[in-house]
>>> print(open('data.txt').read())   # compact mmCIF, C-alpha atoms
# COMPACT_ATOMS: atom_id res chain seq x y z
CA GLY I 1 -39.18 120.34 150.89
CA LEU I 2 -36.53 117.68 151.03
CA ILE I 3 -36.78 116.88 147.31
CA PRO I 4 -36.29 119.82 144.89
CA ALA I 5 -39.02 120.07 142.26
CA ASP I 6 -36.40 120.19 139.48
CA ALA I 7 -34.50 117.11 140.69
CA ALA I 8 -33.94 114.01 138.58
CA ILE I 9 -35.37 110.75 139.92
CA VAL I 10 -32.99 107.86 139.25
CA SER I 11 -34.00 104.70 141.06
CA ASP I 12 -34.32 100.93 141.17
CA PRO I 13 -37.62 100.58 143.08
CA PRO I 14 -39.32 97.42 144.33
CA TYR I 15 -40.99 95.99 141.24
CA GLY I 16 -43.87 94.17 142.92
CA MET I 17 -42.56 90.75 141.94
CA ALA I 18 -42.01 89.28 145.43
CA HIS I 19 -38.41 88.56 144.49
CA ASP I 20 -36.78 85.62 146.28
CA THR I 21 -33.58 87.17 147.65
CA ASP I 22 -32.05 83.84 148.71
CA SER I 23 -29.66 83.26 145.81
CA THR I 24 -27.90 80.27 147.40
CA ARG I 25 -30.04 78.15 145.10
CA PHE I 26 -27.96 79.46 142.19
CA SER I 27 -24.51 79.57 143.79
CA GLY I 28 -23.61 75.90 143.74
CA GLY I 29 -21.29 76.66 146.66
CA GLY I 30 -18.89 78.51 144.36
CA ARG I 31 -16.07 80.37 146.04
CA LEU I 32 -16.71 83.61 144.14
CA TRP I 33 -20.38 83.66 145.09
CA ASN I 34 -19.63 83.08 148.77
CA ARG I 35 -16.79 85.59 148.92
CA SER I 36 -18.84 88.30 147.25
CA ASN I 37 -21.78 87.65 149.59
CA GLU I 38 -24.05 87.00 146.59
CA GLY I 39 -24.95 83.59 147.92
CA ARG I 40 -25.90 84.62 151.43
CA GLY I 41 -29.17 83.19 152.64
CA ASP I 42 -30.06 85.79 155.26
CA TRP I 43 -31.31 88.53 152.93
CA ARG I 44 -34.81 89.53 153.95
CA GLY I 45 -37.50 90.18 151.38
CA ILE I 46 -37.45 93.65 149.87
CA VAL I 47 -39.92 95.97 151.58
CA GLY I 48 -42.77 96.87 149.24
CA ASP I 49 -41.94 94.16 146.70
CA ASP I 50 -45.00 92.11 147.66
CA ALA I 51 -47.42 94.64 146.14
CA PRO I 52 -47.66 96.22 142.66
CA PHE I 53 -45.35 99.22 142.29
CA ASP I 54 -47.01 102.58 141.61
CA PRO I 55 -44.68 105.03 139.82
CA ALA I 56 -47.25 107.87 139.93
CA PRO I 57 -45.57 109.92 142.74
CA TRP I 58 -42.40 110.28 140.67
CA LEU I 59 -43.81 110.91 137.20
CA PRO I 60 -44.30 114.70 137.64
CA PHE I 61 -40.55 115.27 138.04
CA PRO I 62 -38.89 116.62 134.88
CA GLU I 63 -36.38 113.77 134.59
CA VAL I 64 -37.17 110.23 135.68
CA ILE I 65 -35.38 106.90 135.24
CA LEU I 66 -36.98 103.87 136.88
CA PHE I 67 -35.72 100.31 136.63
CA GLY I 68 -38.01 97.30 136.41
CA ALA I 69 -40.28 99.01 133.89
CA ASN I 70 -41.39 95.73 132.35
CA HIS I 71 -43.14 94.87 135.63
CA TYR I 72 -45.38 97.95 135.71
CA CYS I 73 -45.38 99.21 132.10
CA ASP I 74 -49.17 99.55 132.17
CA ARG I 75 -48.75 102.40 134.69
CA LEU I 76 -46.15 104.33 132.68
CA PRO I 77 -46.72 106.90 129.91
CA PRO I 78 -44.76 106.63 126.63
CA GLY I 79 -41.03 107.16 127.07
CA GLY I 80 -37.63 105.78 126.26
CA LEU I 81 -35.97 102.60 127.43
CA LEU I 82 -32.56 101.98 128.95
CA ILE I 83 -31.41 98.37 128.62
CA TRP I 84 -28.78 96.97 130.96
CA ILE I 85 -27.29 93.91 129.26
CA LYS I 86 -25.99 92.00 132.25
CA GLN I 87 -25.34 88.58 130.77
CA THR I 88 -22.25 87.56 128.82
CA PRO I 89 -23.40 87.02 125.21
CA ARG I 90 -22.28 83.40 125.07
CA LEU I 91 -24.66 82.70 127.98
CA PHE I 92 -27.74 84.42 126.55
CA GLY I 93 -30.86 82.44 127.32
CA THR I 94 -29.20 80.04 129.74
CA PHE I 95 -29.61 81.63 133.20
CA LEU I 96 -32.32 83.94 134.50
CA GLY I 97 -32.64 87.16 132.46
CA ASP I 98 -30.11 88.50 130.00
CA ALA I 99 -31.00 92.15 130.64
CA GLU I 100 -32.97 94.59 132.78
CA VAL I 101 -35.11 97.47 131.56
CA ALA I 102 -35.47 101.03 132.85
CA TRP I 103 -38.05 103.59 131.68
CA ARG I 104 -36.83 107.10 130.91
CA LYS I 105 -39.26 110.01 130.90
CA GLY I 106 -39.42 112.17 127.78
CA SER I 107 -37.11 110.04 125.68
CA LYS I 108 -38.01 108.30 122.43
CA GLY I 109 -34.90 106.16 122.09
CA VAL I 110 -33.73 102.79 123.30
CA PHE I 111 -30.17 102.79 124.65
CA CYS I 112 -28.07 99.86 125.84
CA HIS I 113 -25.34 99.50 128.46
CA TYR I 114 -23.28 96.32 128.57
CA GLU I 115 -21.82 95.44 131.95
CA PRO I 116 -21.72 91.76 132.96
CA TYR I 117 -23.14 91.33 136.45
CA LYS I 118 -20.51 88.78 137.42
CA SER I 119 -17.74 91.30 136.67
CA GLN I 120 -19.17 93.40 139.50
CA MET I 121 -19.25 90.37 141.80
CA LYS I 122 -15.64 89.57 140.93
CA ALA I 123 -14.54 93.13 141.67
CA ILE I 124 -16.33 93.11 145.03
CA ALA I 125 -14.79 89.75 145.97
CA GLU I 126 -11.27 90.77 144.93
CA ALA I 127 -11.57 93.90 147.06
CA GLY I 128 -12.49 91.73 150.05
CA GLY I 129 -15.95 93.26 150.24
CA GLN I 130 -19.53 92.10 150.21
CA LYS I 131 -22.70 93.11 148.45
CA GLY I 132 -24.71 95.61 150.45
CA HIS I 133 -28.13 94.74 149.00
CA PRO I 134 -29.63 91.66 147.32
CA THR I 135 -30.49 93.57 144.12
CA GLN I 136 -27.48 95.89 144.11
CA LYS I 137 -26.69 97.45 140.72
CA PRO I 138 -23.15 98.09 139.40
CA VAL I 139 -21.84 101.61 139.97
CA GLY I 140 -20.94 101.87 136.28
CA LEU I 141 -24.55 101.22 135.33
CA MET I 142 -25.87 103.96 137.59
CA GLU I 143 -23.14 106.36 136.40
CA TRP I 144 -24.48 105.77 132.88
CA CYS I 145 -28.02 106.52 134.06
CA VAL I 146 -27.00 109.68 135.93
CA ALA I 147 -25.18 110.89 132.80
CA MET I 148 -28.53 110.72 130.99
CA THR I 149 -29.84 113.53 133.23
CA ARG I 150 -29.12 117.25 133.50
CA ALA I 151 -30.44 118.10 136.97
CA THR I 152 -28.12 119.41 139.66
CA THR I 153 -29.74 117.09 142.23
CA ILE I 154 -30.21 113.33 141.81
CA VAL I 155 -32.87 111.70 143.99
CA ASP I 156 -33.19 107.99 144.68
CA PRO I 157 -36.31 107.32 146.77
CA TYR I 158 -35.45 103.61 147.04
CA MET I 159 -31.69 103.88 147.41
CA GLY I 160 -30.87 100.47 148.89
CA SER I 161 -27.13 100.33 149.49
CA GLY I 162 -26.50 103.72 147.86
CA THR I 163 -25.14 102.87 144.42
CA THR I 164 -27.01 105.77 142.78
CA GLY I 165 -25.56 108.08 145.42
CA VAL I 166 -22.03 106.95 144.63
CA ALA I 167 -22.69 107.55 140.93
CA ALA I 168 -24.12 111.00 141.65
CA VAL I 169 -21.08 112.02 143.69
CA ARG I 170 -18.77 110.86 140.91
CA ALA I 171 -20.74 113.01 138.46
CA GLY I 172 -20.44 116.09 140.66
CA ARG I 173 -24.17 116.18 141.48
CA GLN I 174 -25.99 116.67 144.76
CA PHE I 175 -27.76 113.58 146.05
CA VAL I 176 -30.85 112.87 148.12
CA GLY I 177 -31.50 109.26 149.06
CA VAL I 178 -34.36 107.59 150.93
CA GLU I 179 -34.28 104.03 152.30
CA ILE I 180 -36.80 102.34 154.58
CA GLU I 181 -34.50 99.59 155.94
CA ARG I 182 -31.94 100.78 158.47
CA ARG I 183 -29.17 98.32 157.58
CA TYR I 184 -29.25 99.33 153.92
CA PHE I 185 -29.47 103.01 154.86
CA ASP I 186 -26.36 102.69 157.03
CA THR I 187 -24.51 100.92 154.21
CA ALA I 188 -25.53 103.66 151.77
CA CYS I 189 -24.32 106.38 154.13
CA ARG I 190 -20.93 104.69 154.48
CA ARG I 191 -20.55 104.23 150.73
CA VAL I 192 -21.54 107.79 149.84
CA ALA I 193 -19.36 109.25 152.61
CA ALA I 194 -16.38 107.22 151.38
CA GLU I 195 -16.96 108.44 147.84
CA LEU I 196 -17.18 112.07 149.00
CA ALA I 197 -13.88 111.63 150.81
CA ALA I 198 -12.12 110.07 147.82
CA PRO I 199 -9.53 112.36 146.16
CA ARG I 200 -10.26 113.54 142.61
CA LEU I 201 -7.93 114.99 140.02
CA PHE I 202 -10.67 116.59 137.96
CA ALA I 203 -14.15 117.85 138.77
CA ALA I 204 -16.92 116.00 136.96
CA PRO I 205 -19.35 118.07 134.87
CA VAL I 206 -22.80 118.60 136.31
CA VAL I 207 -24.59 118.54 132.96
CA ALA I 208 -24.37 115.59 130.58
CA PRO I 209 -25.48 115.72 126.94
CA GLU I 210 -28.10 113.50 125.36
CA PRO I 211 -26.34 110.35 124.12
CA ALA I 212 -25.99 110.38 120.35
CA PRO I 213 -26.39 107.33 118.11
CA THR I 214 -23.18 105.84 116.76
CA MET I 215 -22.80 105.88 113.00
CA ILE I 216 -21.17 102.75 111.56
>>> encode(input="data.txt", output="structure tokens")
Amino acid sequence: GLIPADAAIVSDPPYGMAHDTDSTRFSGGGRLWNRSNEGRGDWRGIVGDDAPFDPAPWLPFPEVILFGANHYCDRLPPGGLLIWIKQTPRLFGTFLGDAEVAWRKGSKGVFCHYEPYKSQMKAIAEAGGQKGHPTQKPVGLMEWCVAMTRATTIVDPYMGSGTTGVAAVRAGRQFVGVEIERRYFDTACRRVAAELAAPRLFAAPVVAPEPAPTMI
């Protein structure tokens, strides 16, 4: 079939929270928000986000990382947690959530990745670009997630604007992405194609080791 049985599922699915994608209510008309497209008001609701998310189709795969685990934890077996700390520490507790949580199959640890969300928005704005999806994740975050897996093929069944695909290409993996909305699919194809065409000095390893705890 299209998806190899030994593939790793790495995805940010619709959580079933009916997320309001109109973030203009938070932008305050700021120049950075407008330039980065974060404050645009024409995002449509995310398909599938108006109903509870069922992770069952993806659980049989040998390696699985799914974001939004706190929204459907009652439908997940025991596993590890990956924590994306997206808020600058001095702003903890002041604006929306400080972090997002992903479930990782077969793991027993809790691992953290610190990458302020607004640093991504600043980089996009300075490059003269725009966000491709209302819940777009930073590439660095998805590179970290891909590095947690060993599979040759990375699959994102809810790929949005293709960030997981970009991360997979950078890691030297094969990628299969699925997206129901045509405009996001087209954006993902452009981003992944551009990444495939980018020159590289060194080939990235296909297999990444289990992250080890740091001794202090």
>>> atom_distance(input="data.txt", atom1="CA of Ala193 in chain I", atom2="CA of Arg173 in chain I")
14.0 Å
>>> closest_residue(input="data.txt", among="I:Pro52, I:Gly172, I:Pro13, I:Pro138", to="Gly160 in chain I", atoms="only C-alpha atoms")
I:Pro13
>>> residues_near_point(input="data.txt", point="(-40.3, 113.0, 133.6)", cutoff="12 Å", atoms="all atoms listed in the file", output="NGL selection string")
:I and (5-10 or 55-66 or 76-80 or 103-107 or 149-151)
>>> closest_residue(input="data.txt", among="I:Asp74, I:Gly162, I:Pro89, I:Ala167", to="Arg183 in chain I", atoms="only C-alpha atoms")
I:Gly162
>>> atom_distance(input="data.txt", atom1="CA of Gly177 in chain I", atom2="CA of Leu82 in chain I")
21.4 Å
>>> closest_residue(input="data.txt", among="I:Thr153, I:Ser11, I:Thr163, I:Thr94", to="Cys189 in chain I", atoms="all atoms listed in the file")
I:Thr163
>>> atom_distance(input="data.txt", atom1="CA of His113 in chain I", atom2="CA of Trp144 in chain I")
7.7 Å
>>> build_atoms(input="data.txt", residues="range 139-150 of chain I", atoms="all heavy atoms", output="PDB file, keeping the file's coordinate frame")
ATOM      1  N   VAL I 139     -22.005 100.163 139.955  1.00  0.00           N
ATOM      2  CA  VAL I 139     -21.840 101.610 139.970  1.00  0.00           C
ATOM      3  C   VAL I 139     -21.769 102.154 138.537  1.00  0.00           C
ATOM      4  O   VAL I 139     -22.342 103.193 138.220  1.00  0.00           O
ATOM      5  CB  VAL I 139     -20.577 102.015 140.763  1.00  0.00           C
ATOM      6  CG1 VAL I 139     -20.338 103.518 140.652  1.00  0.00           C
ATOM      7  CG2 VAL I 139     -20.714 101.626 142.227  1.00  0.00           C
ATOM      8  N   GLY I 140     -21.062 101.422 137.660  1.00  0.00           N
ATOM      9  CA  GLY I 140     -20.940 101.870 136.280  1.00  0.00           C
ATOM     10  C   GLY I 140     -22.284 102.020 135.590  1.00  0.00           C
ATOM     11  O   GLY I 140     -22.485 102.939 134.778  1.00  0.00           O
ATOM     12  N   LEU I 141     -23.209 101.134 135.897  1.00  0.00           N
ATOM     13  CA  LEU I 141     -24.550 101.220 135.330  1.00  0.00           C
ATOM     14  C   LEU I 141     -25.254 102.489 135.786  1.00  0.00           C
ATOM     15  O   LEU I 141     -25.863 103.217 134.975  1.00  0.00           O
ATOM     16  CB  LEU I 141     -25.360  99.992 135.746  1.00  0.00           C
ATOM     17  CG  LEU I 141     -26.850 100.017 135.405  1.00  0.00           C
ATOM     18  CD1 LEU I 141     -27.061  99.987 133.896  1.00  0.00           C
ATOM     19  CD2 LEU I 141     -27.577  98.852 136.085  1.00  0.00           C
ATOM     20  N   MET I 142     -25.183 102.781 137.087  1.00  0.00           N
ATOM     21  CA  MET I 142     -25.870 103.960 137.590  1.00  0.00           C
ATOM     22  C   MET I 142     -25.152 105.251 137.182  1.00  0.00           C
ATOM     23  O   MET I 142     -25.799 106.296 137.032  1.00  0.00           O
ATOM     24  CB  MET I 142     -26.019 103.867 139.110  1.00  0.00           C
ATOM     25  CG  MET I 142     -26.793 102.630 139.589  1.00  0.00           C
ATOM     26  SD  MET I 142     -28.275 102.240 138.627  1.00  0.00           S
ATOM     27  CE  MET I 142     -29.323 103.638 139.037  1.00  0.00           C
ATOM     28  N   GLU I 143     -23.847 105.196 136.962  1.00  0.00           N
ATOM     29  CA  GLU I 143     -23.140 106.360 136.400  1.00  0.00           C
ATOM     30  C   GLU I 143     -23.682 106.665 135.006  1.00  0.00           C
ATOM     31  O   GLU I 143     -23.869 107.837 134.630  1.00  0.00           O
ATOM     32  CB  GLU I 143     -21.641 106.088 136.333  1.00  0.00           C
ATOM     33  CG  GLU I 143     -20.936 106.114 137.664  1.00  0.00           C
ATOM     34  CD  GLU I 143     -19.444 105.898 137.515  1.00  0.00           C
ATOM     35  OE1 GLU I 143     -19.020 104.808 137.087  1.00  0.00           O
ATOM     36  OE2 GLU I 143     -18.688 106.837 137.823  1.00  0.00           O
ATOM     37  N   TRP I 144     -23.922 105.615 134.233  1.00  0.00           N
ATOM     38  CA  TRP I 144     -24.480 105.770 132.880  1.00  0.00           C
ATOM     39  C   TRP I 144     -25.855 106.407 132.957  1.00  0.00           C
ATOM     40  O   TRP I 144     -26.177 107.308 132.173  1.00  0.00           O
ATOM     41  CB  TRP I 144     -24.528 104.399 132.226  1.00  0.00           C
ATOM     42  CG  TRP I 144     -25.127 104.338 130.862  1.00  0.00           C
ATOM     43  CD1 TRP I 144     -24.647 104.913 129.717  1.00  0.00           C
ATOM     44  CD2 TRP I 144     -26.325 103.635 130.483  1.00  0.00           C
ATOM     45  NE1 TRP I 144     -25.470 104.612 128.651  1.00  0.00           N
ATOM     46  CE2 TRP I 144     -26.498 103.830 129.092  1.00  0.00           C
ATOM     47  CE3 TRP I 144     -27.237 102.840 131.185  1.00  0.00           C
ATOM     48  CZ2 TRP I 144     -27.567 103.272 128.388  1.00  0.00           C
ATOM     49  CZ3 TRP I 144     -28.300 102.286 130.487  1.00  0.00           C
ATOM     50  CH2 TRP I 144     -28.461 102.497 129.109  1.00  0.00           C
ATOM     51  N   CYS I 145     -26.675 105.960 133.904  1.00  0.00           N
ATOM     52  CA  CYS I 145     -28.020 106.520 134.060  1.00  0.00           C
ATOM     53  C   CYS I 145     -27.966 107.983 134.490  1.00  0.00           C
ATOM     54  O   CYS I 145     -28.694 108.834 133.953  1.00  0.00           O
ATOM     55  CB  CYS I 145     -28.817 105.704 135.070  1.00  0.00           C
ATOM     56  SG  CYS I 145     -29.239 104.044 134.518  1.00  0.00           S
ATOM     57  N   VAL I 146     -27.120 108.301 135.460  1.00  0.00           N
ATOM     58  CA  VAL I 146     -27.000 109.680 135.930  1.00  0.00           C
ATOM     59  C   VAL I 146     -26.555 110.592 134.783  1.00  0.00           C
ATOM     60  O   VAL I 146     -27.026 111.728 134.649  1.00  0.00           O
ATOM     61  CB  VAL I 146     -26.010 109.760 137.116  1.00  0.00           C
ATOM     62  CG1 VAL I 146     -25.621 111.211 137.420  1.00  0.00           C
ATOM     63  CG2 VAL I 146     -26.613 109.115 138.365  1.00  0.00           C
ATOM     64  N   ALA I 147     -25.664 110.093 133.928  1.00  0.00           N
ATOM     65  CA  ALA I 147     -25.180 110.890 132.800  1.00  0.00           C
ATOM     66  C   ALA I 147     -26.283 111.186 131.782  1.00  0.00           C
ATOM     67  O   ALA I 147     -26.128 112.077 130.941  1.00  0.00           O
ATOM     68  CB  ALA I 147     -24.023 110.161 132.103  1.00  0.00           C
ATOM     69  N   MET I 148     -27.396 110.457 131.859  1.00  0.00           N
ATOM     70  CA  MET I 148     -28.530 110.720 130.990  1.00  0.00           C
ATOM     71  C   MET I 148     -29.346 111.929 131.455  1.00  0.00           C
ATOM     72  O   MET I 148     -30.261 112.372 130.761  1.00  0.00           O
ATOM     73  CB  MET I 148     -29.461 109.496 130.959  1.00  0.00           C
ATOM     74  CG  MET I 148     -28.854 108.253 130.362  1.00  0.00           C
ATOM     75  SD  MET I 148     -28.980 108.294 128.576  1.00  0.00           S
ATOM     76  CE  MET I 148     -28.316 106.673 128.178  1.00  0.00           C
ATOM     77  N   THR I 149     -29.063 112.434 132.640  1.00  0.00           N
ATOM     78  CA  THR I 149     -29.840 113.530 133.230  1.00  0.00           C
ATOM     79  C   THR I 149     -29.041 114.823 133.255  1.00  0.00           C
ATOM     80  O   THR I 149     -27.811 114.808 133.127  1.00  0.00           O
ATOM     81  CB  THR I 149     -30.278 113.182 134.660  1.00  0.00           C
ATOM     82  OG1 THR I 149     -29.121 113.178 135.523  1.00  0.00           O
ATOM     83  CG2 THR I 149     -30.936 111.807 134.719  1.00  0.00           C
ATOM     84  N   ARG I 150     -29.757 115.933 133.456  1.00  0.00           N
ATOM     85  CA  ARG I 150     -29.120 117.250 133.500  1.00  0.00           C
ATOM     86  C   ARG I 150     -29.300 117.955 134.844  1.00  0.00           C
ATOM     87  O   ARG I 150     -28.701 118.994 135.075  1.00  0.00           O
ATOM     88  CB  ARG I 150     -29.689 118.136 132.385  1.00  0.00           C
ATOM     89  CG  ARG I 150     -29.386 117.616 130.991  1.00  0.00           C
ATOM     90  CD  ARG I 150     -30.073 118.442 129.912  1.00  0.00           C
ATOM     91  NE  ARG I 150     -29.716 117.970 128.583  1.00  0.00           N
ATOM     92  CZ  ARG I 150     -28.646 118.360 127.894  1.00  0.00           C
ATOM     93  NH1 ARG I 150     -27.833 119.269 128.411  1.00  0.00           N
ATOM     94  NH2 ARG I 150     -28.396 117.877 126.698  1.00  0.00           N
TER      95      ARG I 150
END
